[in-house]
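Inspection log for the structure reproduced underneath, given as structure tokens.
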2 protein chains.
Amino acid sequence: MNMTIRTVFFISDGTGITAETLGNGLLSQFENIEFRYVRYPFTDSMEKARECLQRIAQVRLKEDLQPIVIMTMMNAEISNCLCEADALFLDLFATFIAPLELSLGQRSTHSVGRSHGQDNREYAKRIAAMNFALSHDDGISAADLKSADVILVGVSRSGKTPTSLYLSLQFGLKAANYPLIPEDFERGCLPSCLLPYHNKLFGLTIAPEQLHRIREERRPHSHYASLKNCRTEVAFAESMMRRAGIAWFDMTSRSIEEMSVHLLQAINKKQD
Amino acid sequence: MNMTIRTVFFISDGTGITAETLGNGLLSQFENIEFRYVRYPFTDSMEKARECLQRIAQVRLKEDLQPIVIMTMMNAEISNCLCEADALFLDLFATFIAPLELSLGQRSTHSVGRSHGQDNREYAKRIAAMNFALSHDDGISAADLKSADVILVGVSRSGKTPTSLYLSLQFGLKAANYPLIPEDFERGCLPSCLLPYHNKLFGLTIAPEQLHRIREERRPHSHYASLKNCRTEVAFAESMMRRAGIAWFDMTSRSIEEMSVHLLQAINKKQD
């Protein structure tokens with residue numbers, strides 16, 4: 001069977017990341033169609049808009065189907081110009097700004113790029129959090145753990161590093177992470193530097209089979225990667241976390257994004 | 001002047017990250033209102049939906065204003081249940097899925113969590129890219145640079161690390177980064193290990209005043225952080241990049257997200 005190909009334009013006067021994020025969510029709901037992405041970020045002039053229009057018209061002719069345009073555009077003049085194209089328009093801001101203006105009782109400022117503007121404290125917080133996550137990755141520093149928002153523990157390759165980085169970049173949380181290693185299992189308890197921070201500790205675990213596959217890619221045919229060793233380490237880690245009374249989550253069938261949101265909820269619940 | 005406070009619910013049967021991303025973009029367009037976020041991710045049962053309904057009703061009573069609900073919900077039954085609440089609903093999927101179904105000539109699968117599902121190759125690519133970015137941060141390894149999609153150079157604290165990580169996590173690009181250090185300026189040319197990869201090299205620069213502020217936070221009153229030294233390093237780095245014929249971008253008034261999208265465009269243009 002031939003796959004249908006449809007071209008999707010992401011057009012924005014900002015980065016277009018919002019449009020593409022929603023687009024991914026929406027388009028993943030349709031099967032047997034190959035979506036070809038064309039990105040037009042920073043489309044902030046009539047000249048650039050006309051360039052988009054031409055490209056949309058070309059695709060329209062070539063594919064004999066309406067291209068899909070997913071758009072976040074603050075500037076109404078540019079937005080109106082683009083709407084002349086023969087395409088299916090999903091205009092995120094235009095659709096939702098009007099009801100929001102009504103509900104909030106004010107006009108929107110129609111200013112571009114505010115959502116990740118560099119001036120605000122939220123942005124500075126995210127960058128500081130990311131620097132913290134990098135300098136507290138994989139147990140490299142026990143300094144300043146008291147300022148951590150969360151400390152993740154788990155066996156090597158259970159997903160601690162990507163989860164820590166995502167928590168910092170997306171949510172501005174200072175996330176440290178500590179590996180649980182054979183020495184810890186022999187001693188039978190968590191690294192002592194972590195004990196004062198029990199209320200920030202969360203565990204990650206993973207099915208031994210999946211851990212084995214991940215470790216094999218890194219160090220093929222090693223004792224470290226063997227299914228037997230993975231089984232032993234995971235069993236030790238889980239029993240250690242259980243004894244220490246740490247809440248833990250299973251990475252096995254979760255993406256980093258899903259795990260991060262689960263952790264965010266658990267952290268907020270503890271702070272309530 | 002008192003800030004108005006409005007409560008915004010992000011409700012999703014997935015992570016809710018898409019809803020929150022769009023919400024941030026939309027709400028940043030309104031001034032003098034403090035938005036209080038309440039997140040209900042993984043709302044995938046009628047029981048959880050009823051819990052949301054209760055919370056929305058409580059807020060409605062307390063604030064005497066309609067709460068705002070920004071929602072990405074695949075399950076129509078749960079979605080309908082939530083719509084009984086007295087709130088302003090911005091329902092991202094419901095709004096856009098219908099026109100897409102019409103244009104694509106098929107029903108959507110209404111399946112949850114596909115946008116960052118763990119099964120797909122896109123996800124594996126992003127994780128591999130992130131591991132690459134971490135193991136090629138700050139010049140720590142020159143191994144395997146030939147498999148990099150992009151190599152960023154710039155003075156210390158010009159934004160290379162956060163940009164590399166964002167490029168990897170968001171776009172699945174293998175991004176390495178190399179600091180330009182005083183030794184390079186004395187020698188007057190780029191690190192030799194980078195020379196074979198001229199077509200992947202991009203520079204980051206930054207206003208000396210901003211660099212000075214960033215470095216002061218890290219090492220206060222040091223020669224490294226002094227405005228004079230920042231001016232010298234930036235001037236050396238820019239002249240070196242100019243001589244080497246490397247395209248470079250200015251971080252000064254750009255967020256990581258904006259810089260990443262600019263780089264993505266430049267990389268794609270080179271590959272065209």
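Chain identifiers are assigned as A, B, and so on, following the order in which chains appear in the structure tokens; residues are numbered from 1 within each chain, and ligands are numbered from 1 in order of appearance.
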Item to complete: Can you check the Cα RMSD once chain B has been least-squares fitted onto chain A over every paired atom, in order?
Response: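 Across the paired C-alpha atoms, the RMSD reaches 0.1 Å.
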Write down, as a PDB file with N, CA and C atoms, in the first residue's frame, each residue of chain A that has any atom within 8 Å of an atom of chain B, counting only C-alpha atoms.
ATOM      1  N   GLY A  14       7.199  33.625  15.975  1.00  0.00           N
ATOM      2  CA  GLY A  14       8.178  33.234  17.001  1.00  0.00           C
ATOM      3  C   GLY A  14       8.922  31.992  16.523  1.00  0.00           C
ATOM      4  N   THR A  15       9.252  31.112  17.460  1.00  0.00           N
ATOM      5  CA  THR A  15      10.033  29.927  17.105  1.00  0.00           C
ATOM      6  C   THR A  15       9.216  28.874  16.364  1.00  0.00           C
ATOM      7  N   THR A  18       5.651  25.918  19.671  1.00  0.00           N
ATOM      8  CA  THR A  18       4.300  25.633  20.165  1.00  0.00           C
ATOM      9  C   THR A  18       3.457  24.985  19.071  1.00  0.00           C
ATOM     10  N   THR A  21       4.646  21.446  18.502  1.00  0.00           N
ATOM     11  CA  THR A  21       4.295  20.548  19.609  1.00  0.00           C
ATOM     12  C   THR A  21       2.845  20.100  19.500  1.00  0.00           C
ATOM     13  N   LEU A  22       1.950  21.059  19.284  1.00  0.00           N
ATOM     14  CA  LEU A  22       0.543  20.682  19.129  1.00  0.00           C
ATOM     15  C   LEU A  22       0.342  19.858  17.861  1.00  0.00           C
ATOM     16  N   ASN A  24       2.403  17.821  16.397  1.00  0.00           N
ATOM     17  CA  ASN A  24       2.816  16.435  16.648  1.00  0.00           C
ATOM     18  C   ASN A  24       1.716  15.653  17.346  1.00  0.00           C
ATOM     19  N   GLY A  25       1.108  16.279  18.351  1.00  0.00           N
ATOM     20  CA  GLY A  25       0.042  15.617  19.089  1.00  0.00           C
ATOM     21  C   GLY A  25      -1.155  15.316  18.207  1.00  0.00           C
ATOM     22  N   LEU A  26      -1.547  16.273  17.399  1.00  0.00           N
ATOM     23  CA  LEU A  26      -2.728  16.102  16.549  1.00  0.00           C
ATOM     24  C   LEU A  26      -2.467  15.081  15.442  1.00  0.00           C
ATOM     25  N   SER A  28      -0.285  12.744  15.171  1.00  0.00           N
ATOM     26  CA  SER A  28       0.004  11.369  15.601  1.00  0.00           C
ATOM     27  C   SER A  28      -1.280  10.557  15.744  1.00  0.00           C
ATOM     28  N   GLN A  29      -2.417  11.223  15.634  1.00  0.00           N
ATOM     29  CA  GLN A  29      -3.710  10.547  15.738  1.00  0.00           C
ATOM     30  C   GLN A  29      -4.189   9.980  14.405  1.00  0.00           C
ATOM     31  N   PHE A  30      -3.404  10.175  13.358  1.00  0.00           N
ATOM     32  CA  PHE A  30      -3.820   9.683  12.043  1.00  0.00           C
ATOM     33  C   PHE A  30      -2.809   8.668  11.531  1.00  0.00           C
ATOM     34  N   GLU A  31      -3.315   7.586  10.947  1.00  0.00           N
ATOM     35  CA  GLU A  31      -2.428   6.499  10.554  1.00  0.00           C
ATOM     36  C   GLU A  31      -2.289   6.409   9.038  1.00  0.00           C
ATOM     37  N   PRO A  41       9.741  29.464  10.874  1.00  0.00           N
ATOM     38  CA  PRO A  41       9.775  30.252  12.109  1.00  0.00           C
ATOM     39  C   PRO A  41      10.151  31.702  11.791  1.00  0.00           C
ATOM     40  N   GLN A  66      -4.873  20.010  -0.455  1.00  0.00           N
ATOM     41  CA  GLN A  66      -4.606  21.186   0.374  1.00  0.00           C
ATOM     42  C   GLN A  66      -3.492  20.909   1.378  1.00  0.00           C
ATOM     43  N   LEU A  88      -5.555  24.215   4.516  1.00  0.00           N
ATOM     44  CA  LEU A  88      -6.336  24.071   5.748  1.00  0.00           C
ATOM     45  C   LEU A  88      -5.588  24.780   6.870  1.00  0.00           C
ATOM     46  N   LEU A  90      -4.975  25.825  10.684  1.00  0.00           N
ATOM     47  CA  LEU A  90      -5.256  25.662  12.107  1.00  0.00           C
ATOM     48  C   LEU A  90      -4.481  26.784  12.794  1.00  0.00           C
ATOM     49  N   PHE A  93      -3.416  30.800  17.802  1.00  0.00           N
ATOM     50  CA  PHE A  93      -3.621  32.019  18.565  1.00  0.00           C
ATOM     51  C   PHE A  93      -4.938  32.684  18.192  1.00  0.00           C
ATOM     52  N   PHE A  96      -7.939  30.996  19.831  1.00  0.00           N
ATOM     53  CA  PHE A  96      -8.144  31.031  21.285  1.00  0.00           C
ATOM     54  C   PHE A  96      -7.979  32.408  21.907  1.00  0.00           C
ATOM     55  N   ILE A  97      -7.346  33.332  21.193  1.00  0.00           N
ATOM     56  CA  ILE A  97      -7.129  34.655  21.795  1.00  0.00           C
ATOM     57  C   ILE A  97      -8.468  35.377  21.997  1.00  0.00           C
ATOM     58  N   SER A 103     -13.015  36.722  28.155  1.00  0.00           N
ATOM     59  CA  SER A 103     -13.073  36.247  29.536  1.00  0.00           C
ATOM     60  C   SER A 103     -12.217  37.092  30.476  1.00  0.00           C
ATOM     61  N   GLN A 106      -9.690  42.087  28.638  1.00  0.00           N
ATOM     62  CA  GLN A 106      -8.670  42.983  28.087  1.00  0.00           C
ATOM     63  C   GLN A 106      -8.191  42.477  26.735  1.00  0.00           C
ATOM     64  N   ARG A 107      -7.638  43.403  25.945  1.00  0.00           N
ATOM     65  CA  ARG A 107      -7.058  43.008  24.669  1.00  0.00           C
ATOM     66  C   ARG A 107      -5.693  42.380  24.913  1.00  0.00           C
ATOM     67  N   SER A 108      -5.327  41.427  24.072  1.00  0.00           N
ATOM     68  CA  SER A 108      -3.988  40.843  24.188  1.00  0.00           C
ATOM     69  C   SER A 108      -2.968  41.828  23.634  1.00  0.00           C
ATOM     70  N   THR A 109      -1.718  41.691  24.077  1.00  0.00           N
ATOM     71  CA  THR A 109      -0.692  42.659  23.657  1.00  0.00           C
ATOM     72  C   THR A 109      -0.170  42.375  22.253  1.00  0.00           C
ATOM     73  N   HIS A 110      -0.485  41.202  21.716  1.00  0.00           N
ATOM     74  CA  HIS A 110       0.003  40.809  20.389  1.00  0.00           C
ATOM     75  C   HIS A 110       1.505  40.966  20.249  1.00  0.00           C
ATOM     76  N   SER A 111       2.223  40.623  21.295  1.00  0.00           N
ATOM     77  CA  SER A 111       3.677  40.730  21.198  1.00  0.00           C
ATOM     78  C   SER A 111       4.282  39.347  21.024  1.00  0.00           C
ATOM     79  N   GLY A 113       6.974  36.212  20.928  1.00  0.00           N
ATOM     80  CA  GLY A 113       8.105  35.565  21.594  1.00  0.00           C
ATOM     81  C   GLY A 113       8.122  35.733  23.097  1.00  0.00           C
ATOM     82  N   ARG A 114       6.976  36.051  23.676  1.00  0.00           N
ATOM     83  CA  ARG A 114       6.967  36.231  25.121  1.00  0.00           C
ATOM     84  C   ARG A 114       7.078  34.933  25.880  1.00  0.00           C
ATOM     85  N   SER A 115       6.653  33.837  25.233  1.00  0.00           N
ATOM     86  CA  SER A 115       6.513  32.608  26.014  1.00  0.00           C
ATOM     87  C   SER A 115       7.859  32.071  26.483  1.00  0.00           C
ATOM     88  N   HIS A 116       8.926  32.275  25.702  1.00  0.00           N
ATOM     89  CA  HIS A 116      10.220  31.960  26.292  1.00  0.00           C
ATOM     90  C   HIS A 116      11.163  33.138  26.155  1.00  0.00           C
ATOM     91  N   GLY A 117      10.627  34.324  26.453  1.00  0.00           N
ATOM     92  CA  GLY A 117      11.452  35.537  26.417  1.00  0.00           C
ATOM     93  C   GLY A 117      12.542  35.457  27.461  1.00  0.00           C
ATOM     94  N   GLN A 118      13.612  36.145  27.197  1.00  0.00           N
ATOM     95  CA  GLN A 118      14.793  35.997  28.024  1.00  0.00           C
ATOM     96  C   GLN A 118      14.747  36.888  29.263  1.00  0.00           C
ATOM     97  N   ILE A 127      17.424  28.149  33.310  1.00  0.00           N
ATOM     98  CA  ILE A 127      18.852  28.034  32.988  1.00  0.00           C
ATOM     99  C   ILE A 127      19.652  27.644  34.234  1.00  0.00           C
ATOM    100  N   MET A 130      19.117  24.051  34.887  1.00  0.00           N
ATOM    101  CA  MET A 130      19.856  23.179  33.977  1.00  0.00           C
ATOM    102  C   MET A 130      21.328  23.082  34.381  1.00  0.00           C
ATOM    103  N   PRO A 162      18.494  11.852  31.562  1.00  0.00           N
ATOM    104  CA  PRO A 162      17.535  12.575  30.715  1.00  0.00           C
ATOM    105  C   PRO A 162      16.359  13.140  31.507  1.00  0.00           C
ATOM    106  N   SER A 253       7.874   1.560  30.491  1.00  0.00           N
ATOM    107  CA  SER A 253       7.039   1.905  29.329  1.00  0.00           C
ATOM    108  C   SER A 253       6.677   3.385  29.336  1.00  0.00           C
ATOM    109  N   ARG A 254       7.555   4.190  29.914  1.00  0.00           N
ATOM    110  CA  ARG A 254       7.285   5.627  29.961  1.00  0.00           C
ATOM    111  C   ARG A 254       8.350   6.422  29.230  1.00  0.00           C
ATOM    112  N   SER A 255       7.922   7.498  28.605  1.00  0.00           N
ATOM    113  CA  SER A 255       8.875   8.427  28.009  1.00  0.00           C
ATOM    114  C   SER A 255       9.412   9.357  29.104  1.00  0.00           C
ATOM    115  N   GLU A 257       9.209  12.514  29.126  1.00  0.00           N
ATOM    116  CA  GLU A 257       8.190  13.527  29.391  1.00  0.00           C
ATOM    117  C   GLU A 257       7.159  13.008  30.384  1.00  0.00           C
ATOM    118  N   GLU A 258       6.717  11.769  30.161  1.00  0.00           N
ATOM    119  CA  GLU A 258       5.727  11.189  31.070  1.00  0.00           C
ATOM    120  C   GLU A 258       6.304  11.032  32.469  1.00  0.00           C
ATOM    121  N   VAL A 261       6.529  14.352  34.326  1.00  0.00           N
ATOM    122  CA  VAL A 261       5.253  14.862  34.830  1.00  0.00           C
ATOM    123  C   VAL A 261       4.796  14.052  36.049  1.00  0.00           C
TER     124      VAL A 261
END
Worksheet item: What residues in region 71-177 of chain B get the DSSP label alpha helix (DSSP H)? Please answer as a ChimeraX atom specification.
Response: /B:76-82,92-104,121-135,160-171
Practice prompt. Enumerate as JSON, numbers by chain all residues of region 90-212 of chain B assigned to strand (DSSP E) by DSSP on the backbone, naming them with the chain letters and numbers the document uses.
Written response: {"B": [90, 91, 150, 151, 152, 153, 154, 155, 175, 176, 177, 178, 179, 180, 201, 202, 203, 204, 205]}
Fill in: Pick from A:Leu102, A:Ile11, A:Leu173, A:Leu53 nearest to Asn268 (chain A), counting only C-alpha atoms
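Looking at the shortest contact to Asn268 (chain A), the residue is A:Leu173.
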Practice prompt. Rank nothing, just name the residue among B:His212, B:Arg242, B:Lys200, B:His223 nearest to Ala266 (chain B), using only C-alpha atoms.
Written response: B:Lys200
Could you pull the residues within 9 Å of Ala142 (chain A), counting only C-alpha atoms, minus those fewer than 4 positions along the same chain, as a PDB file with C-alpha atoms, in the first residue's frame?
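Printed below is out_15.pdb as written:
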ATOM      1  CA  HIS A 136      24.828  17.220  39.914  1.00  0.00           C
ATOM      2  CA  ALA A 176      20.294  16.012  41.079  1.00  0.00           C
ATOM      3  CA  CYS A 193      25.328  11.835  51.668  1.00  0.00           C
ATOM      4  CA  LEU A 194      21.715  11.377  50.548  1.00  0.00           C
TER       5      LEU A 194
END
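Here CA of Ile5 (chain B) is placed at a distance of 26.8 Å from CA of Leu263 (chain A).
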Fill in: Residue neighbourhood region 148-157 of chain A, 8 Å, only C-alpha atoms, exclusion window fewer than 5 positions, as JSON, numbers by chain
{"A": [164, 173, 174, 175, 176, 177, 178, 179, 180, 181, 200, 201, 202, 203, 204, 205, 211, 214, 215, 233, 234, 237, 267]}
Worksheet entry | Distance query Gly188 (chain A) at most 10 Å, only C-alpha atoms, self and fewer than 3 positions along chain excluded, as a ChimeraX atom specification | /A:182-185,191,236-237,239-240,243
Item to complete: Would you work out the distance separating CA of Val69 (chain B) from CA of Val8 (chain A), expressed in Å to one decimal?
Response: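 These atoms are spaced 27.5 Å apart.
One finds CA of Arg36 (chain B) at 4.7 Å from CA of Thr7 (chain B).
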